$ cat model-v7.cif   # mmCIF, C-alpha atoms, pLDDT in the B column; chains and numbers go by the auth columns
data_start
#
loop_
_atom_site.group_PDB
_atom_site.id
_atom_site.type_symbol
_atom_site.label_atom_id
_atom_site.label_comp_id
_atom_site.label_asym_id
_atom_site.label_seq_id
_atom_site.Cartn_x
_atom_site.Cartn_y
_atom_site.Cartn_z
_atom_site.B_iso_or_equiv
_atom_site.auth_seq_id
_atom_site.auth_asym_id
ATOM 1 C CA MET A 1 104.341 76.250 95.313 66.00 5 R
ATOM 2 C CA SER A 2 103.163 79.653 96.498 77.00 6 R
ATOM 3 C CA THR A 3 102.742 82.907 94.613 91.00 7 R
ATOM 4 C CA GLU A 4 102.770 86.449 95.919 93.00 8 R
ATOM 5 C CA LEU A 5 99.869 88.857 95.684 94.00 9 R
ATOM 6 C CA GLU A 6 100.499 92.556 96.359 95.00 10 R
ATOM 7 C CA LEU A 7 97.383 94.557 97.217 96.00 11 R
ATOM 8 C CA PRO A 8 97.560 98.366 97.201 97.00 12 R
ATOM 9 C CA PHE A 9 95.588 100.399 99.716 97.00 13 R
ATOM 10 C CA ARG A 10 93.215 102.633 97.757 96.00 14 R
ATOM 11 C CA PRO A 11 91.717 105.880 99.071 96.00 15 R
ATOM 12 C CA ASP A 12 87.944 105.724 99.462 93.00 16 R
ATOM 13 C CA THR A 13 87.206 109.389 98.822 93.00 17 R
ATOM 14 C CA GLN A 14 83.438 108.933 98.883 91.00 18 R
ATOM 15 C CA LEU A 15 83.416 107.274 102.318 89.00 19 R
ATOM 16 C CA THR A 16 85.944 109.804 103.647 92.00 20 R
ATOM 17 C CA GLU A 17 83.649 112.608 102.481 92.00 21 R
ATOM 18 C CA VAL A 18 80.595 110.990 104.125 89.00 22 R
ATOM 19 C CA MET A 19 82.521 110.778 107.412 90.00 23 R
ATOM 20 C CA ARG A 20 83.683 114.410 107.119 93.00 24 R
ATOM 21 C CA LEU A 21 80.087 115.505 106.489 92.00 25 R
ATOM 22 C CA ARG A 22 79.042 113.687 109.677 90.00 26 R
ATOM 23 C CA VAL A 23 81.570 115.723 111.692 92.00 27 R
ATOM 24 C CA GLN A 24 80.498 118.939 109.953 93.00 28 R
ATOM 25 C CA SER A 25 76.818 118.203 110.552 91.00 29 R
ATOM 26 C CA LEU A 26 77.374 117.633 114.282 92.00 30 R
ATOM 27 C CA GLN A 27 79.378 120.859 114.554 91.00 31 R
ATOM 28 C CA GLN A 28 76.765 122.930 112.695 93.00 32 R
ATOM 29 C CA ARG A 29 73.940 121.652 114.892 93.00 33 R
ATOM 30 C CA GLY A 30 75.973 121.926 118.079 92.00 34 R
ATOM 31 C CA GLN A 31 75.449 118.226 118.789 92.00 35 R
ATOM 32 C CA LYS A 32 77.807 115.693 120.317 91.00 36 R
ATOM 33 C CA ARG A 33 78.822 112.367 118.841 90.00 37 R
ATOM 34 C CA GLN A 34 76.979 109.225 119.879 89.00 38 R
ATOM 35 C CA ASP A 35 78.386 107.355 122.866 91.00 39 R
ATOM 36 C CA GLY A 36 81.281 105.275 121.508 91.00 40 R
ATOM 37 C CA GLU A 37 81.190 106.869 118.045 90.00 41 R
ATOM 38 C CA ARG A 38 84.556 107.442 116.375 91.00 42 R
ATOM 39 C CA LEU A 39 84.604 110.655 114.321 93.00 43 R
ATOM 40 C CA LEU A 40 87.082 111.168 111.486 93.00 44 R
ATOM 41 C CA GLN A 41 89.879 113.562 112.428 95.00 45 R
ATOM 42 C CA PRO A 42 91.116 116.219 109.940 95.00 46 R
ATOM 43 C CA ASN A 43 94.405 114.328 109.405 97.00 47 R
ATOM 44 C CA GLU A 44 92.648 111.009 108.649 97.00 48 R
ATOM 45 C CA ALA A 45 91.258 109.415 105.514 96.00 49 R
ATOM 46 C CA VAL A 46 89.497 106.142 104.734 94.00 50 R
ATOM 47 C CA TYR A 47 91.304 103.594 102.576 95.00 51 R
ATOM 48 C CA ARG A 48 90.224 100.171 101.403 94.00 52 R
ATOM 49 C CA LEU A 49 91.684 96.837 100.388 94.00 53 R
ATOM 50 C CA ASP A 50 89.832 94.704 97.862 93.00 54 R
ATOM 51 C CA PHE A 51 90.490 90.981 98.101 92.00 55 R
ATOM 52 C CA ALA A 52 90.261 89.110 94.792 87.00 56 R
ATOM 53 C CA LYS A 53 91.403 85.954 96.603 87.00 57 R
ATOM 54 C CA GLN A 54 90.346 84.905 100.085 85.00 58 R
ATOM 55 C CA SER A 55 92.917 82.327 101.189 89.00 59 R
ATOM 56 C CA LEU A 56 95.982 84.443 101.967 94.00 60 R
ATOM 57 C CA GLN A 57 98.976 84.384 104.269 95.00 61 R
ATOM 58 C CA PHE A 58 100.633 87.636 105.282 96.00 62 R
ATOM 59 C CA SER A 59 104.078 88.172 103.776 96.00 63 R
ATOM 60 C CA HIS A 60 105.167 91.809 104.202 96.00 64 R
ATOM 61 C CA TRP A 61 104.289 95.492 104.099 96.00 65 R
ATOM 62 C CA THR A 62 105.521 97.922 101.459 94.00 66 R
ATOM 63 C CA VAL A 63 105.291 101.462 102.784 94.00 67 R
ATOM 64 C CA GLN A 64 106.959 104.391 101.067 91.00 68 R
ATOM 65 C CA LEU A 65 107.044 107.841 102.628 91.00 69 R
ATOM 66 C CA ALA A 66 108.415 110.548 100.338 88.00 70 R
ATOM 67 C CA GLN A 67 109.469 112.672 103.307 87.00 71 R
ATOM 68 C CA ALA A 68 109.759 112.543 107.074 89.00 72 R
ATOM 69 C CA GLY A 69 106.495 111.779 108.813 92.00 73 R
ATOM 70 C CA GLN A 70 104.345 109.117 110.416 95.00 74 R
ATOM 71 C CA LEU A 71 101.545 106.968 109.048 97.00 75 R
ATOM 72 C CA THR A 72 99.236 105.046 111.374 97.00 76 R
ATOM 73 C CA ILE A 73 96.934 102.476 109.789 97.00 77 R
ATOM 74 C CA THR A 74 93.989 101.186 111.799 96.00 78 R
ATOM 75 C CA ALA A 75 91.700 98.458 110.477 94.00 79 R
ATOM 76 C CA THR A 76 87.970 98.456 111.029 90.00 80 R
ATOM 77 C CA SER A 77 86.062 95.282 111.721 84.00 81 R
ATOM 78 C CA GLN A 78 82.785 96.454 110.237 74.00 82 R
ATOM 79 C CA LEU A 79 81.351 95.761 106.828 70.00 83 R
ATOM 80 C CA TRP A 80 80.753 99.413 106.138 64.00 84 R
ATOM 81 C CA THR A 81 77.353 100.844 105.366 64.00 85 R
ATOM 82 C CA PRO A 82 78.118 104.533 105.948 61.00 86 R
ATOM 83 C CA ASP A 83 74.620 105.688 105.160 61.00 87 R
ATOM 84 C CA LEU A 84 73.241 103.505 107.965 62.00 88 R
ATOM 85 C CA THR A 85 76.084 102.982 110.434 71.00 89 R
ATOM 86 C CA ASN A 86 78.463 105.366 112.168 80.00 90 R
ATOM 87 C CA LEU A 87 81.975 104.156 112.923 85.00 91 R
ATOM 88 C CA MET A 88 82.128 103.012 116.536 87.00 92 R
ATOM 89 C CA THR A 89 85.342 102.838 118.571 89.00 93 R
ATOM 90 C CA ARG A 90 84.777 99.146 119.331 89.00 94 R
ATOM 91 C CA GLN A 91 85.019 98.435 115.584 88.00 95 R
ATOM 92 C CA LEU A 92 88.677 99.506 115.441 91.00 96 R
ATOM 93 C CA LEU A 93 91.109 96.598 115.518 91.00 97 R
ATOM 94 C CA GLU A 94 94.326 96.305 117.498 92.00 98 R
ATOM 95 C CA PRO A 95 97.192 96.549 116.885 94.00 99 R
ATOM 96 C CA ALA A 96 97.512 99.430 114.462 95.00 100 R
ATOM 97 C CA GLY A 97 100.350 99.579 111.954 96.00 101 R
ATOM 98 C CA VAL A 98 102.649 102.521 112.686 96.00 102 R
ATOM 99 C CA PHE A 99 105.248 103.422 110.037 96.00 103 R
ATOM 100 C CA TRP A 100 107.571 106.428 110.039 94.00 104 R
ATOM 101 C CA ARG A 101 110.556 108.150 108.513 91.00 105 R
ATOM 102 C CA ALA A 102 112.602 110.284 110.913 87.00 106 R
ATOM 103 C CA PRO A 103 113.597 113.820 109.833 83.00 107 R
ATOM 104 C CA GLY A 104 117.284 112.911 109.474 79.00 108 R
ATOM 105 C CA ASP A 105 116.779 109.681 107.511 77.00 109 R
ATOM 106 C CA ALA A 106 118.338 109.508 104.070 63.00 110 R
ATOM 107 C CA GLY A 107 115.947 109.032 101.158 65.00 111 R
ATOM 108 C CA ARG A 108 116.972 105.382 100.756 70.00 112 R
ATOM 109 C CA ALA A 109 116.789 104.517 104.466 75.00 113 R
ATOM 110 C CA PRO A 110 114.161 101.841 105.193 82.00 114 R
ATOM 111 C CA ILE A 111 110.869 102.924 106.687 90.00 115 R
ATOM 112 C CA GLN A 112 110.723 102.207 110.403 92.00 116 R
ATOM 113 C CA CYS A 113 107.862 100.434 112.167 94.00 117 R
ATOM 114 C CA HIS A 114 106.988 98.465 115.268 92.00 118 R
ATOM 115 C CA GLU A 115 107.772 95.138 113.581 92.00 119 R
ATOM 116 C CA ALA A 116 105.895 92.782 115.911 94.00 120 R
ATOM 117 C CA ASP A 117 102.734 94.924 115.738 95.00 121 R
ATOM 118 C CA ALA A 118 103.012 95.336 111.954 95.00 122 R
ATOM 119 C CA HIS A 119 103.413 91.568 111.521 96.00 123 R
ATOM 120 C CA GLU A 120 100.471 90.767 113.817 96.00 124 R
ATOM 121 C CA PHE A 121 98.403 93.416 112.028 96.00 125 R
ATOM 122 C CA GLY A 122 99.196 91.826 108.655 96.00 126 R
ATOM 123 C CA GLU A 123 98.212 88.395 109.954 96.00 127 R
ATOM 124 C CA ARG A 124 94.879 89.746 111.257 94.00 128 R
ATOM 125 C CA ILE A 125 94.148 91.251 107.845 95.00 129 R
ATOM 126 C CA ALA A 126 94.885 87.869 106.207 94.00 130 R
ATOM 127 C CA GLU A 127 92.474 86.180 108.650 93.00 131 R
ATOM 128 C CA LEU A 128 89.704 88.677 107.920 91.00 132 R
ATOM 129 C CA ALA A 129 90.312 88.311 104.169 91.00 133 R
ATOM 130 C CA LYS A 130 89.041 84.734 104.461 90.00 134 R
ATOM 131 C CA VAL A 131 85.514 86.050 105.052 89.00 135 R
ATOM 132 C CA ARG A 132 85.638 89.445 103.325 88.00 136 R
ATOM 133 C CA LYS A 133 85.901 90.820 99.817 89.00 137 R
ATOM 134 C CA VAL A 134 86.782 94.305 101.087 91.00 138 R
ATOM 135 C CA MET A 135 88.225 95.846 104.258 93.00 139 R
ATOM 136 C CA TYR A 136 88.304 99.469 105.371 93.00 140 R
ATOM 137 C CA PHE A 137 91.130 101.289 107.145 95.00 141 R
ATOM 138 C CA LEU A 138 91.728 104.658 108.773 95.00 142 R
ATOM 139 C CA PHE A 139 95.003 106.220 107.648 97.00 143 R
ATOM 140 C CA ALA A 140 96.233 108.906 110.065 97.00 144 R
ATOM 141 C CA PHE A 141 98.906 111.214 108.648 97.00 145 R
ATOM 142 C CA ALA A 142 101.227 113.028 111.070 95.00 146 R
ATOM 143 C CA GLU A 143 104.474 114.960 111.333 91.00 147 R
ATOM 144 C CA GLY A 144 104.633 116.082 107.701 88.00 148 R
ATOM 145 C CA CYS A 145 103.117 112.964 106.171 93.00 149 R
ATOM 146 C CA SER A 146 100.146 113.372 103.796 93.00 150 R
ATOM 147 C CA PRO A 147 98.155 111.253 101.336 94.00 151 R
ATOM 148 C CA GLU A 148 100.242 112.691 98.487 93.00 152 R
ATOM 149 C CA THR A 149 103.527 111.533 100.067 90.00 153 R
ATOM 150 C CA VAL A 150 102.462 107.964 100.943 93.00 154 R
ATOM 151 C CA ASP A 151 102.374 104.783 98.889 94.00 155 R
ATOM 152 C CA CYS A 152 101.298 101.691 100.782 96.00 156 R
ATOM 153 C CA SER A 153 100.559 98.077 99.929 97.00 157 R
ATOM 154 C CA ILE A 154 100.499 94.710 101.651 97.00 158 R
ATOM 155 C CA THR A 155 101.809 91.478 100.166 96.00 159 R
ATOM 156 C CA PHE A 156 100.375 88.030 100.798 96.00 160 R
ATOM 157 C CA THR A 157 101.366 84.573 99.665 95.00 161 R
ATOM 158 C CA MET A 158 98.840 82.183 98.162 89.00 162 R
ATOM 159 C CA ASP A 159 99.196 78.445 97.811 71.00 163 R
ATOM 160 C CA SER A 160 98.677 77.440 94.224 63.00 164 R
#

$ encode --input "model-v7.cif" --output "C-alpha coordinates"
Amino acid sequence: MSTELELPFRPDTQLTEVMRLRVQSLQQRGQKRQDGERLLQPNEAVYRLDFAKQSLQFSHWTVQLAQAGQLTITATSQLWTPDLTNLMTRQLLEPAGVFWRAPGDAGRAPIQCHEADAHEFGERIAELAKVRKVMYFLFAFAEGCSPETVDCSITFTMDS
(Lines of atoms letter the chains of each structure in order from A and count residues from 1; the text may use other names and numbers.)
(Lines give C-alpha, C1' and ligand atoms only; values in the text may rest on other atoms or scores of the structure.)
Protein backbone atom coordinates (compact mmCIF):
# COMPACT_ATOMS: atom_id res chain seq x y z
CA MET A 1 0.00 0.00 0.00
CA SER A 2 1.29 3.47 -0.81
CA THR A 3 0.47 6.83 0.73
CA GLU A 4 0.75 10.28 -0.76
CA LEU A 5 2.96 13.04 0.57
CA GLU A 6 2.40 16.60 -0.66
CA LEU A 7 5.35 18.94 -0.15
CA PRO A 8 4.85 22.69 -0.58
CA PHE A 9 7.59 24.85 -2.06
CA ARG A 10 8.53 27.44 0.56
CA PRO A 11 10.18 30.79 -0.21
CA ASP A 12 13.68 31.08 1.23
CA THR A 13 13.69 34.83 1.79
CA GLN A 14 17.06 34.85 3.53
CA LEU A 15 18.86 33.06 0.68
CA THR A 16 17.05 35.20 -1.91
CA GLU A 17 18.26 38.32 -0.07
CA VAL A 18 21.86 37.02 0.06
CA MET A 19 21.75 36.44 -3.71
CA ARG A 20 20.26 39.91 -4.34
CA LEU A 21 23.02 41.47 -2.21
CA ARG A 22 25.61 39.66 -4.35
CA VAL A 23 24.17 41.29 -7.50
CA GLN A 24 23.99 44.68 -5.77
CA SER A 25 27.56 44.38 -4.51
CA LEU A 26 28.90 43.60 -8.00
CA GLN A 27 26.98 46.53 -9.48
CA GLN A 28 28.20 48.99 -6.82
CA ARG A 29 31.83 47.98 -7.31
CA GLY A 30 31.54 47.87 -11.09
CA GLN A 31 32.67 44.24 -11.12
CA LYS A 32 31.56 41.37 -13.32
CA ARG A 33 30.26 38.01 -12.19
CA GLN A 34 32.65 35.08 -11.94
CA ASP A 35 33.01 32.93 -15.05
CA GLY A 36 30.01 30.57 -15.01
CA GLU A 37 28.31 32.30 -12.07
CA ARG A 38 24.52 32.52 -12.23
CA LEU A 39 23.21 35.78 -10.75
CA LEU A 40 19.65 36.10 -9.46
CA GLN A 41 17.43 38.09 -11.82
CA PRO A 42 14.93 40.67 -10.46
CA ASN A 43 11.97 38.41 -11.34
CA GLU A 44 13.44 35.37 -9.55
CA ALA A 45 13.32 34.09 -5.99
CA VAL A 46 14.78 31.09 -4.17
CA TYR A 47 12.41 28.43 -2.88
CA ARG A 48 13.10 25.22 -1.02
CA LEU A 49 11.64 21.77 -0.50
CA ASP A 50 12.26 19.99 2.79
CA PHE A 51 12.13 16.21 2.62
CA ALA A 52 10.93 14.51 5.82
CA LYS A 53 11.07 11.17 3.99
CA GLN A 54 13.74 10.12 1.52
CA SER A 55 12.25 7.20 -0.41
CA LEU A 56 9.74 8.89 -2.72
CA GLN A 57 8.22 8.36 -6.14
CA PHE A 58 6.95 11.34 -8.11
CA SER A 59 3.17 11.51 -8.44
CA HIS A 60 2.10 14.96 -9.67
CA TRP A 61 2.49 18.73 -9.52
CA THR A 62 -0.06 21.09 -8.00
CA VAL A 63 0.45 24.58 -9.39
CA GLN A 64 -2.09 27.34 -8.93
CA LEU A 65 -1.73 30.69 -10.67
CA ALA A 66 -4.26 33.30 -9.55
CA GLN A 67 -3.97 35.15 -12.85
CA ALA A 68 -2.43 34.84 -16.29
CA GLY A 69 1.33 34.41 -16.23
CA GLN A 70 4.21 31.97 -16.38
CA LEU A 71 6.21 30.24 -13.67
CA THR A 72 9.50 28.53 -14.46
CA ILE A 73 11.00 26.33 -11.75
CA THR A 74 14.65 25.33 -12.02
CA ALA A 75 16.27 22.97 -9.53
CA THR A 76 19.80 23.40 -8.27
CA SER A 77 22.08 20.46 -7.69
CA GLN A 78 24.14 22.09 -4.97
CA LEU A 79 23.84 21.72 -1.24
CA TRP A 80 23.71 25.44 -0.70
CA THR A 81 26.20 27.31 1.44
CA PRO A 82 25.47 30.85 0.22
CA ASP A 83 28.06 32.46 2.44
CA LEU A 84 30.79 30.36 0.82
CA THR A 85 29.52 29.38 -2.63
CA ASN A 86 28.04 31.38 -5.49
CA LEU A 87 25.43 29.72 -7.68
CA MET A 88 27.12 28.42 -10.82
CA THR A 89 25.28 27.77 -14.09
CA ARG A 90 26.47 24.15 -14.15
CA GLN A 91 24.54 23.56 -10.90
CA LEU A 92 21.18 24.18 -12.58
CA LEU A 93 19.34 20.99 -13.51
CA GLU A 94 17.49 20.22 -16.73
CA PRO A 95 14.67 20.13 -17.55
CA ALA A 96 12.98 23.05 -15.84
CA GLY A 97 9.29 22.95 -14.97
CA VAL A 98 7.36 25.55 -16.96
CA PHE A 99 3.75 26.23 -15.93
CA TRP A 100 1.45 28.92 -17.30
CA ARG A 101 -2.05 30.32 -17.51
CA ALA A 102 -2.89 32.09 -20.78
CA PRO A 103 -4.59 35.52 -20.63
CA GLY A 104 -7.91 34.17 -21.95
CA ASP A 105 -8.11 31.11 -19.68
CA ALA A 106 -11.09 30.89 -17.37
CA GLY A 107 -10.34 30.83 -13.65
CA ARG A 108 -11.10 27.10 -13.43
CA ALA A 109 -9.10 26.12 -16.52
CA PRO A 110 -6.21 23.76 -15.68
CA ILE A 111 -2.72 25.18 -15.56
CA GLN A 112 -0.76 24.33 -18.69
CA CYS A 113 2.74 22.86 -18.74
CA HIS A 114 5.15 20.89 -20.88
CA GLU A 115 3.96 17.56 -19.45
CA ALA A 116 6.92 15.36 -20.40
CA ASP A 117 9.42 17.88 -18.97
CA ALA A 118 7.34 18.41 -15.81
CA HIS A 119 7.13 14.64 -15.26
CA GLU A 120 10.86 14.12 -15.83
CA PHE A 121 11.59 17.08 -13.55
CA GLY A 122 9.44 15.54 -10.80
CA GLU A 123 11.22 12.21 -11.16
CA ARG A 124 14.64 13.90 -10.88
CA ILE A 125 13.52 15.63 -7.68
CA ALA A 126 12.40 12.25 -6.26
CA GLU A 127 15.83 10.77 -7.13
CA LEU A 128 17.68 13.62 -5.43
CA ALA A 129 15.40 13.33 -2.38
CA LYS A 130 16.98 9.93 -1.70
CA VAL A 131 20.23 11.65 -0.70
CA ARG A 132 18.99 15.07 0.44
CA LYS A 133 16.98 16.54 3.27
CA VAL A 134 16.50 19.84 1.41
CA MET A 135 16.60 21.06 -2.19
CA TYR A 136 16.73 24.60 -3.55
CA PHE A 137 14.93 25.98 -6.60
CA LEU A 138 14.88 29.18 -8.63
CA PHE A 139 11.34 30.37 -9.31
CA ALA A 140 11.17 32.78 -12.27
CA PHE A 141 7.94 34.80 -12.49
CA ALA A 142 6.90 36.21 -15.87
CA GLU A 143 4.01 37.71 -17.80
CA GLY A 144 2.04 38.95 -14.78
CA CYS A 145 2.92 36.11 -12.44
CA SER A 146 4.36 36.98 -9.00
CA PRO A 147 5.13 35.23 -5.71
CA GLU A 148 1.82 36.51 -4.31
CA THR A 149 -0.20 34.89 -7.13
CA VAL A 150 1.47 31.45 -7.06
CA ASP A 151 0.86 28.39 -4.92
CA CYS A 152 2.97 25.38 -5.79
CA SER A 153 3.54 21.92 -4.35
CA ILE A 154 4.71 18.52 -5.52
CA THR A 155 3.15 15.21 -4.52
CA PHE A 156 5.02 11.95 -4.08
CA THR A 157 3.92 8.44 -3.22
CA MET A 158 5.64 6.45 -0.50
CA ASP A 159 5.49 2.71 0.00
CA SER A 160 4.34 1.92 3.49

$ resolve_selection --input "model-v7.cif" --expression "the PyMOL selection byres ((chain R and resi 95) around 12)" --output "list of chain:residue names"
R:Gly40, R:Glu41, R:Arg42, R:Thr78, R:Ala79, R:Thr80, R:Ser81, R:Gln82, R:Leu83, R:Trp84, R:Thr89, R:Asn90, R:Leu91, R:Met92, R:Thr93, R:Arg94, R:Leu96, R:Leu97, R:Glu98, R:Tyr140, R:Phe141, R:Leu142

$ closest_atom_pairs --input "model-v7.cif" --of "segment 21-55 of chain R" --to "segment 147-163 of chain R" --cutoff "12 Å" --atoms "only C-alpha atoms" --output "JSON lines"
{"residue": "R:Pro46", "atom": "CA", "partner": "R:Ser150", "partner_atom": "CA", "distance": 11.3}
{"residue": "R:Asn47", "atom": "CA", "partner": "R:Ser150", "partner_atom": "CA", "distance": 8.1}
{"residue": "R:Glu48", "atom": "CA", "partner": "R:Pro151", "partner_atom": "CA", "distance": 9.2}
{"residue": "R:Ala49", "atom": "CA", "partner": "R:Pro151", "partner_atom": "CA", "distance": 8.3}
{"residue": "R:Val50", "atom": "CA", "partner": "R:Pro151", "partner_atom": "CA", "distance": 10.6}
{"residue": "R:Tyr51", "atom": "CA", "partner": "R:Cys156", "partner_atom": "CA", "distance": 10.3}
{"residue": "R:Arg52", "atom": "CA", "partner": "R:Ser157", "partner_atom": "CA", "distance": 10.6}
{"residue": "R:Leu53", "atom": "CA", "partner": "R:Ser157", "partner_atom": "CA", "distance": 9.0}
{"residue": "R:Asp54", "atom": "CA", "partner": "R:Ile158", "partner_atom": "CA", "distance": 11.3}
{"residue": "R:Phe55", "atom": "CA", "partner": "R:Phe160", "partner_atom": "CA", "distance": 10.7}

$ resolve_selection --input "model-v7.cif" --expression "the PyMOL selection byres ((chain R and resi 128-133) around 6)" --output "ChimeraX atom specification"
/R:58,60-62,125-127,134-136

$ atom_distance --input "model-v7.cif" --atom1 "atom CA of Lys137 of chain R" --atom2 "atom CA of Ala56 of chain R"
6.9 Å

$ atom_distance --input "model-v7.cif" --atom1 "atom CA of Leu30 of chain R" --atom2 "atom CA of Pro15 of chain R"
24.0 Å

$ atom_distance --input "model-v7.cif" --atom1 "atom CA of Gln28 of chain R" --atom2 "atom CA of Val138 of chain R"
26.9 Å

$ closest_residue --input "model-v7.cif" --among "R:Thr20, R:Thr66, R:Gln116, R:Ser59" --to "Ser6 of chain R" --atoms "only C-alpha atoms"
R:Ser59

$ closest_residue --input "model-v7.cif" --among "R:Val67, R:Arg24, R:Gln31, R:Ala106" --to "Leu11 of chain R" --atoms "all atoms listed in the file"
R:Val67

$ resolve_selection --input "model-v7.cif" --expression "the PyMOL selection byres ((chain R and resi 76) around 9)" --output "PyMOL selection string"
chain R and resi 74-75+77-78+100-104+142-146

$ build_atoms --input "model-v7.cif" --residues "segment 17-28 of chain R" --atoms "all heavy atoms" --output "PDB file, in the coordinates of the input"
ATOM      1  N   THR R  17      87.533 107.972  98.669  1.00 93.00           N
ATOM      2  CA  THR R  17      87.206 109.389  98.822  1.00 93.00           C
ATOM      3  C   THR R  17      85.740 109.604  99.151  1.00 93.00           C
ATOM      4  O   THR R  17      85.400 110.511  99.909  1.00 93.00           O
ATOM      5  CB  THR R  17      87.585 110.179  97.551  1.00 93.00           C
ATOM      6  OG1 THR R  17      87.012 109.537  96.418  1.00 93.00           O
ATOM      7  CG2 THR R  17      89.092 110.228  97.371  1.00 93.00           C
ATOM      8  N   GLN R  18      84.869 108.776  98.616  1.00 91.00           N
ATOM      9  CA  GLN R  18      83.438 108.933  98.883  1.00 91.00           C
ATOM     10  C   GLN R  18      83.123 108.674 100.356  1.00 91.00           C
ATOM     11  O   GLN R  18      82.415 109.452 101.005  1.00 91.00           O
ATOM     12  CB  GLN R  18      82.641 107.984  97.991  1.00 91.00           C
ATOM     13  CG  GLN R  18      81.148 108.163  98.126  1.00 91.00           C
ATOM     14  CD  GLN R  18      80.376 107.265  97.168  1.00 91.00           C
ATOM     15  OE1 GLN R  18      80.948 106.447  96.456  1.00 91.00           O
ATOM     16  NE2 GLN R  18      79.069 107.412  97.165  1.00 91.00           N
ATOM     17  N   LEU R  19      83.661 107.594 100.912  1.00 89.00           N
ATOM     18  CA  LEU R  19      83.416 107.274 102.318  1.00 89.00           C
ATOM     19  C   LEU R  19      84.079 108.305 103.234  1.00 89.00           C
ATOM     20  O   LEU R  19      83.505 108.702 104.248  1.00 89.00           O
ATOM     21  CB  LEU R  19      83.902 105.866 102.632  1.00 89.00           C
ATOM     22  CG  LEU R  19      83.556 105.324 104.005  1.00 89.00           C
ATOM     23  CD1 LEU R  19      82.079 105.465 104.331  1.00 89.00           C
ATOM     24  CD2 LEU R  19      83.981 103.861 104.097  1.00 89.00           C
ATOM     25  N   THR R  20      85.277 108.759 102.865  1.00 92.00           N
ATOM     26  CA  THR R  20      85.944 109.804 103.647  1.00 92.00           C
ATOM     27  C   THR R  20      85.074 111.055 103.690  1.00 92.00           C
ATOM     28  O   THR R  20      84.890 111.661 104.744  1.00 92.00           O
ATOM     29  CB  THR R  20      87.330 110.135 103.052  1.00 92.00           C
ATOM     30  OG1 THR R  20      88.142 108.959 103.076  1.00 92.00           O
ATOM     31  CG2 THR R  20      88.026 111.238 103.837  1.00 92.00           C
ATOM     32  N   GLU R  21      84.505 111.418 102.543  1.00 92.00           N
ATOM     33  CA  GLU R  21      83.649 112.608 102.481  1.00 92.00           C
ATOM     34  C   GLU R  21      82.393 112.433 103.340  1.00 92.00           C
ATOM     35  O   GLU R  21      81.990 113.360 104.050  1.00 92.00           O
ATOM     36  CB  GLU R  21      83.275 112.913 101.030  1.00 92.00           C
ATOM     37  CG  GLU R  21      82.479 114.188 100.871  1.00 92.00           C
ATOM     38  CD  GLU R  21      83.199 115.451 101.350  1.00 92.00           C
ATOM     39  OE1 GLU R  21      84.448 115.483 101.389  1.00 92.00           O
ATOM     40  OE2 GLU R  21      82.495 116.410 101.721  1.00 92.00           O
ATOM     41  N   VAL R  22      81.777 111.257 103.299  1.00 89.00           N
ATOM     42  CA  VAL R  22      80.595 110.990 104.125  1.00 89.00           C
ATOM     43  C   VAL R  22      80.943 111.168 105.608  1.00 89.00           C
ATOM     44  O   VAL R  22      80.187 111.772 106.367  1.00 89.00           O
ATOM     45  CB  VAL R  22      80.039 109.570 103.861  1.00 89.00           C
ATOM     46  CG1 VAL R  22      79.040 109.150 104.926  1.00 89.00           C
ATOM     47  CG2 VAL R  22      79.404 109.504 102.482  1.00 89.00           C
ATOM     48  N   MET R  23      82.118 110.657 106.004  1.00 90.00           N
ATOM     49  CA  MET R  23      82.521 110.778 107.412  1.00 90.00           C
ATOM     50  C   MET R  23      82.833 112.228 107.784  1.00 90.00           C
ATOM     51  O   MET R  23      82.551 112.660 108.891  1.00 90.00           O
ATOM     52  CB  MET R  23      83.702 109.858 107.699  1.00 90.00           C
ATOM     53  CG  MET R  23      83.301 108.391 107.640  1.00 90.00           C
ATOM     54  SD  MET R  23      84.640 107.289 108.092  1.00 90.00           S
ATOM     55  CE  MET R  23      84.771 107.613 109.845  1.00 90.00           C
ATOM     56  N   ARG R  24      83.417 112.985 106.856  1.00 93.00           N
ATOM     57  CA  ARG R  24      83.683 114.410 107.119  1.00 93.00           C
ATOM     58  C   ARG R  24      82.370 115.190 107.239  1.00 93.00           C
ATOM     59  O   ARG R  24      82.237 116.091 108.069  1.00 93.00           O
ATOM     60  CB  ARG R  24      84.555 115.004 106.022  1.00 93.00           C
ATOM     61  CG  ARG R  24      85.967 114.480 106.037  1.00 93.00           C
ATOM     62  CD  ARG R  24      86.960 115.388 105.381  1.00 93.00           C
ATOM     63  NE  ARG R  24      88.224 114.743 105.123  1.00 93.00           N
ATOM     64  CZ  ARG R  24      89.087 114.325 106.040  1.00 93.00           C
ATOM     65  NH1 ARG R  24      88.799 114.491 107.315  1.00 93.00           N
ATOM     66  NH2 ARG R  24      90.214 113.734 105.716  1.00 93.00           N
ATOM     67  N   LEU R  25      81.397 114.845 106.412  1.00 92.00           N
ATOM     68  CA  LEU R  25      80.087 115.505 106.489  1.00 92.00           C
ATOM     69  C   LEU R  25      79.401 115.220 107.822  1.00 92.00           C
ATOM     70  O   LEU R  25      78.697 116.078 108.361  1.00 92.00           O
ATOM     71  CB  LEU R  25      79.198 115.067 105.319  1.00 92.00           C
ATOM     72  CG  LEU R  25      79.597 115.608 103.953  1.00 92.00           C
ATOM     73  CD1 LEU R  25      78.764 114.944 102.850  1.00 92.00           C
ATOM     74  CD2 LEU R  25      79.470 117.125 103.903  1.00 92.00           C
ATOM     75  N   ARG R  26      79.604 114.031 108.363  1.00 90.00           N
ATOM     76  CA  ARG R  26      79.042 113.687 109.677  1.00 90.00           C
ATOM     77  C   ARG R  26      79.611 114.626 110.745  1.00 90.00           C
ATOM     78  O   ARG R  26      78.870 115.154 111.576  1.00 90.00           O
ATOM     79  CB  ARG R  26      79.348 112.219 110.008  1.00 90.00           C
ATOM     80  CG  ARG R  26      79.065 111.808 111.424  1.00 90.00           C
ATOM     81  CD  ARG R  26      77.599 111.555 111.684  1.00 90.00           C
ATOM     82  NE  ARG R  26      77.417 111.109 113.069  1.00 90.00           N
ATOM     83  CZ  ARG R  26      76.396 111.468 113.808  1.00 90.00           C
ATOM     84  NH1 ARG R  26      75.438 112.205 113.305  1.00 90.00           N
ATOM     85  NH2 ARG R  26      76.298 111.055 115.049  1.00 90.00           N
ATOM     86  N   VAL R  27      80.924 114.825 110.727  1.00 92.00           N
ATOM     87  CA  VAL R  27      81.570 115.723 111.692  1.00 92.00           C
ATOM     88  C   VAL R  27      81.037 117.141 111.514  1.00 92.00           C
ATOM     89  O   VAL R  27      80.656 117.812 112.481  1.00 92.00           O
ATOM     90  CB  VAL R  27      83.109 115.697 111.527  1.00 92.00           C
ATOM     91  CG1 VAL R  27      83.774 116.761 112.393  1.00 92.00           C
ATOM     92  CG2 VAL R  27      83.660 114.320 111.849  1.00 92.00           C
ATOM     93  N   GLN R  28      80.971 117.593 110.266  1.00 93.00           N
ATOM     94  CA  GLN R  28      80.498 118.939 109.953  1.00 93.00           C
ATOM     95  C   GLN R  28      79.044 119.128 110.402  1.00 93.00           C
ATOM     96  O   GLN R  28      78.687 120.151 110.976  1.00 93.00           O
ATOM     97  CB  GLN R  28      80.634 119.177 108.452  1.00 93.00           C
ATOM     98  CG  GLN R  28      80.386 120.576 108.008  1.00 93.00           C
ATOM     99  CD  GLN R  28      80.595 120.724 106.511  1.00 93.00           C
ATOM    100  OE1 GLN R  28      80.548 119.763 105.751  1.00 93.00           O
ATOM    101  NE2 GLN R  28      80.839 121.950 106.085  1.00 93.00           N
TER     102      GLN R  28
END
